[in-house]
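Student: After the structure tokens below, expect a handful of questions from me.
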There are 2 protein chains.
Amino acid sequence: MLAEIITIGDEILIGQIVDTNSAFIAKELNKIGVSVYQITSVQDEQKHILQALAEAKTRTQVVIVTGGLGPTKDDITKHAFCEFFHDTLVRDVKVLQHIEELFKKYITTTKISELNRDQSLVPSKAEALHNAYGTAPGIWIKEDDTVFVSLPGVPFEMKSLMRDEVIPKIVKEFERPYILHKTIVTYGLGESAIAEKIEDWEDSLPSFIKLAYLPNLGKVRLRLTAKGPDKDVLDTAVAEEMEKLHPLIGDIIYGLEDDETLEEVVAKLITAKGFTLATAESFTGGKIAQHITAIPGASAYFKGSVISYATETKINLLKVPTELIDAYSVVSEEVAMVMAENVRKLLKTDFAIATTGNAGPAKGDSDADVGTVYIGLATPKGVFALKFMMGNHRERIVQKTVNKAFELLQKEILKF
Amino acid sequence: MLAEIITIGDEILIGQIVDTNSAFIAKELNKIGVSVYQITSVQDEQKHILQALAEAKTRTQVVIVTGGLGPTKDDITKHAFCEFFHDTLVRDVKVLQHIEELFKKYITTTKISELNRDQSLVPSKAEALHNAYGTAPGIWIKEDDTVFVSLPGVPFEMKSLMRDEVIPKIVKEFERPYILHKTIVTYGLGESAIAEKIEDWEDSLPSFIKLAYLPNLGKVRLRLTAKGPDKDVLDTAVAEEMEKLHPLIGDIIYGLEDDETLEEVVAKLITAKGFTLATAESFTGGKIAQHITAIPGASAYFKGSVISYATETKINLLKVPTELIDAYSVVSEEVAMVMAENVRKLLKTDFAIATTGNAGPAKGDSDADVGTVYIGLATPKGVFALKFMMGNHRERIVQKTVNKAFELLQKEILKF
């Protein structure tokens, strides 16, 4: 059971936007056992769209198209569909009602126009899919054995259409195999060193299980993908293979990664244990706090943060003694510890994370080399700080530090 | 002059990662007058890669391939290249030396292995491109009139190879037209309302200028793209068309957007004027601070932030009077103003931004509806706060607020 994703829009091909829609669609399809064979981004140009549709039809049973559904002249997906299916546009009365309602309720600043009303025109062979958040309906056309779906390119409209309309319809329409992904997270060894240790194991994997290496910022993830008609067979086989892996590289296996990020794991943990958390961030500039608050429910345990980007803010707000800074510099184990302990007291929390370091490009209020990072952890049992060298790439230094901070925090919380 | 991008890797097709490489590559190519015709993401599978290479060759003169260059068995790009060009792998001594040096200098935790050394094997017809940050070299092969380039999928390795090796070589190899993009940012009118106002203008655009509408979170960007052999002709024609646009929609035109983001514009402005800045963030959880500190040089003007996620943090750290909260609730104009003014005093800055609101999904420490947002601005001239309704989508509420905060800040700074 194969699908293809076609994204339409010059903004993708000139690099003005990153296509995040495809990853979302691919993940949702995978969950129901549909593999994505190819993702193709094409121009806002009828000939090019028609060619992509024709090629996809020869290879797959589901073709999901995003983009080009707006009300303006540069949006030509519906016309391309009409050409491709030898069809014409007809008005869908229910969609028209929905558009008029949206304007009445939410879009009070602009008057409804003919262009808006014309978004209720859909190919006559199509079924219109309800777009709860926007004026452009989704379109569903089945021809021969392939389903073609057209969705708006605006991510939150696309997501709700995909989840509420498209996935349930595909589930109803097609028999699908089962796809199982398990991703093992490892720390401490490079990709090729791991490959050597598990070579025999890898070579003897059954043909329906595939292995991939995904190295990224200090960790290597190993992804096992199994595909077949019987869920139980896959579950058992994958579990068995993972058992065999432990004697080989058990010392570097950190855990499993499914859809959950490390910060989601920490969020669950800290909520379950009823602890509270604060951060004091220097060069990470609020990125740890932002990762924490991106998860709904953070207000239950996250009290807040002091972002002490300037040295004077460390002194004034976090009460880091000037003498300590003079003696050890702002980028030091000592300062990281005081930052963590003081923000913990200041915001009256159980745990606190602090960061201080130099992310470059130039040296700051310290002589520490670019890439030098200290992470401080204050817990009900005490306080400590660790030093890390995080390379010389500004964004990566910050992101690696954020990852490491959550890793350290998780370890500490698990002690309680 | 057309190019295609082919990204290789199952992780993209199962939605495990978002392909950010393509947008970067497309942007770099556009800058030197190379248009990207199509972006194709294919599986780690030889047959599929070969098919994509063959199709790209019929359409374009430059094919950039990313991914599948790692040392492990799932990385098969080099083998696919050998098959495609009827070639074999040979050792590149300079690349081998570089790999050994990298291990000596930076990769001290893992010993170099045969798998690592074998990354110096490249197709005999290829020129190896120097990868300053990694062990996998880039590959450049010209066959007939098309250049094929293979780059590692790790973004920071790919970026440095693209900038330092690939772009200069393409510039040397091909005559290219000139491509000009101008993006006009508008606020306050919907896409279709704008389209109606500028219909005649749009219809009379010369054929070498293309218009696109890019609606996003309260703003609509209008992108003009011109392409041709003569830079001066394009510059003049686009400038003329933009002149004609002003009488039609001048009241909603906010400015030009090139590569610069609003926060970069604000960063330049505040640095030039020598002002300082702080933030007090509630539901935005550090996202404004994080946008500020993502720009190198922020330490010159950004003193820090108090993230008062919990009401008690607003009281304890930002000294918001309890009576004020009792009278007006934490989500109010009054509290936003005090937060802004107090963080300005606390961190001794010229400007301060404060946010308080409810991003949902549930109501917090206030009865305010989900989507209710107050942004406070404290300046040397005084303090004020404005109310906004930002919809009902958590992430979008936060992002819209961040955008709006920078917009308000820019306006205020320009008064000085």
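Identifiers for the structure tokens are assigned positionally: chains receive A, B, ... in sequence, residues are indexed from 1 per chain, and ligands are indexed from 1 in the order shown.
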With 7 Å as the limit and counting only C-alpha atoms, what residues in chain A lie close to chain B? Please list them as a ChimeraX atom specification.

Tutor: /A:12-18,20,23-24,26-27,30,36-43,71-72,74,110,115-116,189-190,192,195,212,285-287,289-290,293,299,302-310,313,347

Student: For the selection you just gave me, I'd like the residues written to a file as a short mmCIF file (atom, residue, chain, number, x, y, z; two decimals), in the first residue's frame, keeping N, CA and C atoms.

Tutor:
data_model
loop_
_atom_site.label_atom_id
_atom_site.label_comp_id
_atom_site.auth_asym_id
_atom_site.auth_seq_id
_atom_site.Cartn_x
_atom_site.Cartn_y
_atom_site.Cartn_z
N ILE A 12 8.22 26.95 -2.13
CA ILE A 12 9.07 25.83 -1.69
C ILE A 12 10.29 25.74 -2.59
N LEU A 13 10.10 25.89 -3.89
CA LEU A 13 11.19 25.70 -4.85
C LEU A 13 12.18 26.85 -4.87
N ILE A 14 11.79 28.01 -4.37
CA ILE A 14 12.79 29.08 -4.26
C ILE A 14 13.37 29.13 -2.85
N GLY A 15 12.94 28.20 -2.00
CA GLY A 15 13.52 28.14 -0.65
C GLY A 15 12.96 29.18 0.29
N GLN A 16 11.82 29.81 -0.08
CA GLN A 16 11.26 30.82 0.82
C GLN A 16 10.63 30.18 2.06
N ILE A 17 10.07 29.00 1.90
CA ILE A 17 9.55 28.28 3.08
C ILE A 17 10.07 26.84 3.08
N VAL A 18 10.15 26.28 4.29
CA VAL A 18 10.49 24.87 4.44
C VAL A 18 9.19 24.09 4.42
N THR A 20 7.01 21.71 5.76
CA THR A 20 6.81 20.88 6.95
C THR A 20 5.58 19.99 6.78
N ALA A 23 6.20 16.00 6.08
CA ALA A 23 6.58 15.14 7.21
C ALA A 23 5.34 14.78 8.03
N PHE A 24 4.45 15.76 8.24
CA PHE A 24 3.23 15.49 9.00
C PHE A 24 2.37 14.45 8.29
N ALA A 26 3.25 12.28 5.99
CA ALA A 26 3.92 10.98 5.94
C ALA A 26 3.74 10.22 7.25
N LYS A 27 3.89 10.94 8.36
CA LYS A 27 3.75 10.31 9.67
C LYS A 27 2.34 9.77 9.88
N ASN A 30 1.83 6.69 7.72
CA ASN A 30 2.57 5.56 8.28
C ASN A 30 1.83 4.89 9.42
N VAL A 36 4.93 5.98 2.29
CA VAL A 36 5.10 7.03 1.29
C VAL A 36 6.27 6.66 0.39
N TYR A 37 6.00 6.51 -0.88
CA TYR A 37 7.03 6.10 -1.83
C TYR A 37 7.89 7.28 -2.24
N GLN A 38 7.27 8.44 -2.42
CA GLN A 38 8.02 9.60 -2.90
C GLN A 38 7.30 10.88 -2.50
N ILE A 39 8.10 11.91 -2.25
CA ILE A 39 7.55 13.25 -2.04
C ILE A 39 8.08 14.13 -3.16
N THR A 40 7.20 14.83 -3.85
CA THR A 40 7.61 15.64 -4.98
C THR A 40 7.11 17.07 -4.80
N SER A 41 8.00 18.04 -4.88
CA SER A 41 7.59 19.44 -4.82
C SER A 41 7.67 20.03 -6.21
N VAL A 42 6.55 20.56 -6.69
CA VAL A 42 6.51 21.09 -8.06
C VAL A 42 6.06 22.54 -8.07
N GLN A 43 6.28 23.19 -9.22
CA GLN A 43 5.93 24.60 -9.38
C GLN A 43 4.44 24.83 -9.54
N PRO A 71 -7.59 31.55 -3.07
CA PRO A 71 -8.58 32.19 -3.95
C PRO A 71 -7.94 32.99 -5.09
N THR A 72 -6.61 33.09 -5.11
CA THR A 72 -6.00 34.02 -6.07
C THR A 72 -5.50 33.32 -7.33
N ASP A 74 -2.69 32.79 -8.66
CA ASP A 74 -1.54 31.90 -8.68
C ASP A 74 -1.89 30.51 -8.13
N THR A 110 -12.70 41.86 6.90
CA THR A 110 -12.77 41.91 5.44
C THR A 110 -14.17 41.47 5.00
N LEU A 115 -14.39 36.10 -5.04
CA LEU A 115 -13.26 35.19 -5.00
C LEU A 115 -13.40 34.22 -3.82
N ASN A 116 -13.86 34.73 -2.68
CA ASN A 116 -14.06 33.86 -1.53
C ASN A 116 -15.17 32.85 -1.80
N LEU A 189 28.81 6.60 21.09
CA LEU A 189 29.61 5.96 20.04
C LEU A 189 29.19 6.52 18.69
N GLY A 190 30.13 6.60 17.77
CA GLY A 190 29.80 7.07 16.43
C GLY A 190 29.08 6.00 15.63
N SER A 192 29.74 4.62 12.72
CA SER A 192 30.49 3.50 12.15
C SER A 192 31.00 2.54 13.23
N ALA A 195 28.12 0.38 13.90
CA ALA A 195 27.91 -0.53 12.77
C ALA A 195 28.84 -1.73 12.86
N ALA A 212 18.01 1.49 10.00
CA ALA A 212 18.60 2.76 9.54
C ALA A 212 19.34 3.43 10.69
N GLY A 285 19.36 31.62 26.24
CA GLY A 285 18.43 32.71 25.94
C GLY A 285 16.96 32.37 26.01
N GLY A 286 16.56 31.41 26.83
CA GLY A 286 15.14 31.09 26.96
C GLY A 286 14.72 29.87 26.17
N LYS A 287 15.66 29.23 25.51
CA LYS A 287 15.30 28.10 24.66
C LYS A 287 14.85 26.88 25.49
N ALA A 289 13.35 27.11 28.46
CA ALA A 289 12.00 27.49 28.91
C ALA A 289 10.99 27.32 27.79
N GLN A 290 11.41 27.69 26.61
CA GLN A 290 10.49 27.63 25.49
C GLN A 290 10.14 26.18 25.13
N THR A 293 7.62 25.12 27.85
CA THR A 293 6.27 25.69 27.75
C THR A 293 5.58 25.36 26.45
N SER A 299 2.13 24.64 32.86
CA SER A 299 1.87 25.56 33.97
C SER A 299 1.72 24.81 35.29
N PHE A 302 5.95 24.32 35.85
CA PHE A 302 6.99 25.28 35.47
C PHE A 302 6.66 26.66 36.04
N LYS A 303 7.51 27.14 36.93
CA LYS A 303 7.22 28.42 37.59
C LYS A 303 7.74 29.59 36.76
N GLY A 304 8.80 29.36 36.03
CA GLY A 304 9.34 30.44 35.23
C GLY A 304 10.84 30.38 35.12
N SER A 305 11.41 31.49 34.66
CA SER A 305 12.83 31.48 34.35
C SER A 305 13.40 32.88 34.46
N VAL A 306 14.68 32.94 34.81
CA VAL A 306 15.39 34.22 34.69
C VAL A 306 16.40 34.05 33.56
N ILE A 307 16.20 34.83 32.51
CA ILE A 307 17.16 34.79 31.41
C ILE A 307 18.18 35.89 31.66
N SER A 308 19.33 35.47 32.15
CA SER A 308 20.35 36.45 32.54
C SER A 308 21.39 36.51 31.44
N TYR A 309 20.97 37.12 30.35
CA TYR A 309 21.86 37.16 29.19
C TYR A 309 23.07 38.05 29.48
N ALA A 310 22.83 39.16 30.16
CA ALA A 310 23.93 40.07 30.51
C ALA A 310 24.50 39.69 31.88
N THR A 313 22.72 41.15 34.81
CA THR A 313 21.46 40.51 35.19
C THR A 313 21.74 39.30 36.10
N LEU A 347 12.39 31.19 42.82
CA LEU A 347 11.08 30.78 42.31
C LEU A 347 10.48 29.63 43.12
#

Student: Hey, what's within 12 Å of Ala54 (chain B) if we count only C-alpha atoms and toss same-chain stuff fewer than 2 positions away? As a list in words, please?

Tutor: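 Returned residues: Glu4, Ile6, Lys47, His48, Ile49, Leu50, Gln51, Ala52, Ala56, Lys57, Thr58, Arg59, Thr60, Val63, Ala80, Phe81, Glu83, Phe84, Phe85, Glu143, Thr146 and Phe148 of chain B.
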
Student: What parts of region 302-363 of chain A does DSSP call alpha helix (DSSP H)? I'd like the answer as a PDB file with C-alpha atoms, in the first residue's frame.

Tutor:
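What follows is the written file result_10.pdb:
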ATOM      1  CA  THR A 311      26.427  39.612  33.346  1.00  0.00           C
ATOM      2  CA  GLU A 312      24.754  42.439  35.288  1.00  0.00           C
ATOM      3  CA  THR A 313      21.463  40.505  35.195  1.00  0.00           C
ATOM      4  CA  LYS A 314      23.232  37.526  36.750  1.00  0.00           C
ATOM      5  CA  ILE A 315      24.411  39.850  39.514  1.00  0.00           C
ATOM      6  CA  ASN A 316      21.256  41.942  40.006  1.00  0.00           C
ATOM      7  CA  THR A 322      30.585  39.796  41.840  1.00  0.00           C
ATOM      8  CA  GLU A 323      33.597  38.263  43.589  1.00  0.00           C
ATOM      9  CA  LEU A 324      32.675  34.823  42.282  1.00  0.00           C
ATOM     10  CA  ILE A 325      32.500  36.155  38.731  1.00  0.00           C
ATOM     11  CA  ASP A 326      35.797  37.999  39.176  1.00  0.00           C
ATOM     12  CA  ALA A 327      37.448  34.866  40.516  1.00  0.00           C
ATOM     13  CA  TYR A 328      36.064  32.294  38.087  1.00  0.00           C
ATOM     14  CA  GLU A 333      31.190  25.696  37.171  1.00  0.00           C
ATOM     15  CA  GLU A 334      30.899  27.966  40.200  1.00  0.00           C
ATOM     16  CA  VAL A 335      28.619  30.489  38.493  1.00  0.00           C
ATOM     17  CA  ALA A 336      26.441  27.762  36.935  1.00  0.00           C
ATOM     18  CA  MET A 337      25.919  26.239  40.383  1.00  0.00           C
ATOM     19  CA  VAL A 338      24.974  29.550  42.026  1.00  0.00           C
ATOM     20  CA  MET A 339      22.625  30.391  39.140  1.00  0.00           C
ATOM     21  CA  ALA A 340      20.842  27.051  39.523  1.00  0.00           C
ATOM     22  CA  GLU A 341      20.621  27.222  43.292  1.00  0.00           C
ATOM     23  CA  ASN A 342      19.492  30.861  43.379  1.00  0.00           C
ATOM     24  CA  VAL A 343      16.781  30.543  40.752  1.00  0.00           C
ATOM     25  CA  ARG A 344      15.533  27.479  42.608  1.00  0.00           C
ATOM     26  CA  LYS A 345      15.242  29.565  45.797  1.00  0.00           C
ATOM     27  CA  LEU A 346      13.925  32.643  43.998  1.00  0.00           C
TER      28      LEU A 346
END

Student: Based on the backbone DSSP call, show me all residues of region 240-321 of chain B assigned strand (DSSP E or B), as a list in words.

Tutor: Ile253, Tyr254, Gly255, Leu256, Glu257, Leu277, Ala278, Thr279, Ala280, Glu281, Phe302, Lys303, Gly304, Ser305, Val306 and Ile307 of chain B

Student: Residues within 9 Å of Glu157 (chain A), please, as a PyMOL selection string. Count only C-alpha atoms; anything in the same chain fewer than 5 positions from it doesn't count.

Tutor: chain A and resi 131-134+136+151-152+162

Student: Could you please take those selected residues and save C-alpha atoms as a JSON list (two decimals), in the first residue's frame?

Tutor:
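Final output, part.json:
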[["chain", "number", "residue", "atom", "x", "y", "z"],
["A", 131, "ASN", "CA", -12.16, 22.45, 6.23],
["A", 132, "ALA", "CA", -13.10, 23.54, 9.75],
["A", 133, "TYR", "CA", -10.48, 26.31, 9.87],
["A", 134, "GLY", "CA", -10.53, 27.80, 6.39],
["A", 136, "ALA", "CA", -10.75, 26.14, 0.85],
["A", 151, "LEU", "CA", -5.51, 19.87, 0.63],
["A", 152, "PRO", "CA", -4.74, 23.52, 1.37],
["A", 162, "MET", "CA", -5.77, 15.19, 7.24]]

Student: With only C-alpha atoms as the counted atoms, please give the residues lying no more than 12 Å from Val147 (chain B), apart from itself and same-chain residues fewer than 4 positions off, as a PyMOL selection string.

Tutor: chain B and resi 1-5+53+56-57+60-65+85+125-127+139-143+166+169-170+173-174

Student: Got a sec: who's within 12 Å of Lys227 (chain B), counting only C-alpha atoms, leaving out chain neighbours fewer than 5 positions off, as a count of residues only?

Tutor: 25
